[in-house]
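Visitor: So I've got this file, upload16.csv, and it contains CSV, C-alpha atoms:
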chain,number,residue,atom,x,y,z
L,9,MET,CA,-0.5,-11.9,-10.7
L,10,LYS,CA,2.8,-10.3,-11.5
L,11,SER,CA,3.5,-7.0,-9.7
L,12,ARG,CA,3.8,-4.0,-11.9
L,13,ILE,CA,5.0,-2.0,-8.9
L,14,LYS,CA,8.0,-4.2,-8.7
L,15,GLU,CA,8.5,-4.2,-12.4
L,16,LEU,CA,8.6,-0.4,-12.6
L,17,ARG,CA,10.7,-0.1,-9.5
L,18,LEU,CA,13.3,-2.5,-10.8
L,19,LYS,CA,13.4,-0.8,-14.2
L,20,ALA,CA,14.0,2.5,-12.4
L,21,GLY,CA,16.9,1.0,-10.5
L,22,LEU,CA,15.3,1.8,-7.1
L,23,THR,CA,15.3,-0.3,-3.9
L,24,GLN,CA,12.1,-0.7,-1.9
L,25,GLU,CA,13.5,1.7,0.6
L,26,GLN,CA,14.1,4.4,-2.0
L,27,LEU,CA,10.6,4.0,-3.4
L,28,ALA,CA,9.2,4.2,0.1
L,29,LYS,CA,11.1,7.5,0.7
L,30,GLU,CA,10.0,8.9,-2.6
L,31,THR,CA,6.3,8.0,-2.2
L,32,GLY,CA,5.8,8.2,1.6
L,33,ILE,CA,4.7,4.6,1.7
L,34,SER,CA,6.5,2.3,4.1
L,35,SER,CA,9.0,-0.2,2.7
L,36,GLN,CA,7.1,-3.0,4.5
L,37,SER,CA,3.9,-2.1,2.6
L,38,ILE,CA,5.8,-1.9,-0.7
L,39,SER,CA,7.2,-5.3,0.0
L,40,LYS,CA,3.8,-6.8,0.6
L,41,TYR,CA,2.3,-5.1,-2.5
L,42,GLU,CA,5.1,-6.5,-4.7
L,43,ALA,CA,4.6,-10.0,-3.2
L,44,CYS,CA,0.8,-9.6,-3.8
L,45,GLU,CA,0.3,-10.3,-0.1
L,46,ARG,CA,-1.7,-7.1,0.3
L,47,LYS,CA,-3.4,-4.6,-2.0
L,48,PRO,CA,-2.8,-0.9,-1.7
L,49,LYS,CA,-5.6,1.4,-0.6
L,50,PHE,CA,-6.7,4.1,-3.0
L,51,GLU,CA,-4.4,6.7,-1.4
L,52,GLN,CA,-1.3,4.4,-1.9
L,53,TRP,CA,-2.4,3.5,-5.5
L,54,GLN,CA,-2.5,7.3,-6.2
L,55,LYS,CA,0.9,7.9,-4.7
L,56,LEU,CA,2.4,5.1,-6.8
L,57,SER,CA,0.6,6.2,-9.9
L,58,ASN,CA,1.8,9.8,-9.4
L,59,PHE,CA,5.4,8.7,-8.8
L,60,PHE,CA,5.6,6.3,-11.8
L,61,ASP,CA,3.3,8.6,-13.9
L,62,VAL,CA,1.1,5.8,-15.1
L,63,PRO,CA,-2.6,5.2,-14.6
L,64,ILE,CA,-3.7,3.3,-11.5
L,65,SER,CA,-5.3,0.8,-13.9
L,66,TYR,CA,-1.9,0.0,-15.3
L,67,LEU,CA,-0.5,-0.6,-11.8
L,68,GLN,CA,-3.5,-2.9,-11.0
L,69,GLY,CA,-3.0,-4.9,-14.2
L,70,THR,CA,-6.4,-4.0,-15.7
L,71,THR,CA,-4.9,-2.1,-18.7
L,72,SER,CA,-1.7,-2.5,-20.7
L,73,PHE,CA,-1.0,1.2,-21.0
L,74,PHE,CA,2.6,1.9,-21.3
L,75,LYS,CA,4.6,4.7,-22.8
L,76,LYS,CA,8.4,5.1,-23.1
L,77,TYR,CA,9.4,7.0,-20.0
L,78,GLN,CA,12.6,8.3,-18.7
L,79,LEU,CA,13.3,8.5,-15.0
L,80,TRP,CA,15.5,11.6,-14.3
L,81,VAL,CA,17.3,12.3,-11.1
L,82,CYS,CA,18.1,16.0,-10.5
L,83,GLY,CA,21.7,16.6,-9.8
L,84,ARG,CA,20.8,19.5,-7.5
L,85,CYS,CA,17.9,18.4,-5.3
L,86,LYS,CA,18.3,14.6,-6.0
L,87,LYS,CA,14.6,14.1,-6.6
L,88,HIS,CA,13.3,11.6,-9.2
L,89,PHE,CA,10.9,12.6,-11.9
L,90,TRP,CA,9.4,10.9,-15.0
L,91,VAL,CA,9.2,12.4,-18.4
L,92,THR,CA,8.5,11.3,-22.0
L,93,GLU,CA,11.0,13.8,-23.5
L,94,GLU,CA,14.2,15.5,-22.3
L,95,PRO,CA,13.4,18.1,-19.6
L,96,LYS,CA,14.8,21.6,-19.5
L,97,TYR,CA,14.2,22.1,-15.8
L,98,CYS,CA,13.7,20.0,-12.7
L,99,PRO,CA,10.0,20.3,-11.8
L,100,TYR,CA,10.9,20.5,-8.1
L,101,CYS,CA,13.8,22.9,-7.8
L,102,ARG,CA,13.6,24.5,-11.3
L,103,SER,CA,17.3,24.1,-11.8
L,104,THR,CA,18.5,23.6,-15.4
L,105,VAL,CA,18.9,19.9,-16.4
L,106,HIS,CA,22.0,19.0,-18.4
L,107,LEU,CA,22.6,15.4,-19.2
L,108,GLY,CA,26.3,14.7,-19.7
L,109,TYR,CA,27.5,17.3,-17.3
L,110,GLY,CA,27.2,15.1,-14.3
L,111,THR,CA,24.2,16.9,-12.9
L,112,SER,CA,21.4,14.5,-14.0
L,113,LYS,CA,20.9,11.0,-15.1
L,114,PHE,CA,18.1,9.0,-16.7
L,115,ILE,CA,16.8,5.5,-17.2
L,116,THR,CA,14.6,4.7,-20.2
L,117,LEU,CA,11.6,2.4,-19.6
For this file, write the structure as structure tokens.
Guide:
Amino acid sequence: MKSRIKELRLKAGLTQEQLAKETGISSQSISKYEACERKPKFEQWQKLSNFFDVPISYLQGTTSFFKKYQLWVCGRCKKHFWVTEEPKYCPYCRSTVHLGYGTSKFITL
């Protein structure tokens, strides 16, 4: 079965190491999940689901749910966050987000 974890990670332009840092899951585990060598436990599914902002069932391949998401990176705190519309503030540091001023960037999925 194709790994939706890898699909979402690549669309976001992240390495396995970057995803590991963002989710608190080891890069070795992410590598094994993507290669379908091991299945995540519920806690890891939840972390990945929260990060990518998609249902666990989508990550597991049991549903085809998918919305158009944008991955933003805050220019101030450098954290990643997913939204379906342009944000006004970073949800982590609450700084104002201005695309085009070099403070934030996004990737559309």
Visitor: Would you mind listing what lies within 8 Å of Ile64 (chain L) as a ChimeraX atom specification, with all atoms listed in the file counted and same-chain residues fewer than 5 positions away left out?
Guide: /L:53-54,56-57
Visitor: Using only C-alpha atoms, find the one residue out of L:Glu94, L:Glu51, L:Glu25, L:Glu42 that sits nearest to Trp80 (chain L).
Guide: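 Of all the options, L:Glu94 lies closest to Trp80 (chain L).
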Visitor: For CA of Lys19 (chain L) and CA of Cys85 (chain L), quote the distance in Å rounded to one decimal.
Guide: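 Atom-to-atom, CA of Lys19 (chain L) and CA of Cys85 (chain L) are spaced 21.6 Å apart.
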Visitor: Taking all atoms listed in the file into account, name the residue in L:Ile38, L:Gly83, L:Gln52, L:Ala43 that is nearest to Gln26 (chain L).
Guide: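 That would be L:Ile38, the residue with the smallest distance to Gln26 (chain L).
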Visitor: By how many Å are CA of Tyr41 (chain L) and CA of Lys14 (chain L) apart?
Guide: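 CA of Lys14 (chain L) lies at a distance of 8.5 Å from CA of Tyr41 (chain L).
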Visitor: Kindly give the distance, in Å, that separates CA of Val81 (chain L) and CA of Ser37 (chain L), rounded to a single decimal.
Guide: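 Taking CA of Val81 (chain L) as the start and CA of Ser37 (chain L) as the end point, the length is 24.0 Å.
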Visitor: Neighbouring residues of Gly32 (chain L) were defined as those with any atom within 9 Å, considering all atoms listed in the file; residues of the same chain fewer than 4 positions away were excluded. Please report them as an MDAnalysis selection string.
Guide: chainID L and resid 27:28 52 55
Visitor: With distances taken over only C-alpha atoms, which residue among L:Tyr97, L:Val91, L:Gln36, L:Lys47 lies nearest Val62 (chain L)?
Guide: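 Of L:Tyr97, L:Val91, L:Gln36, L:Lys47, the one nearest Val62 (chain L), counting only C-alpha atoms, is L:Val91.
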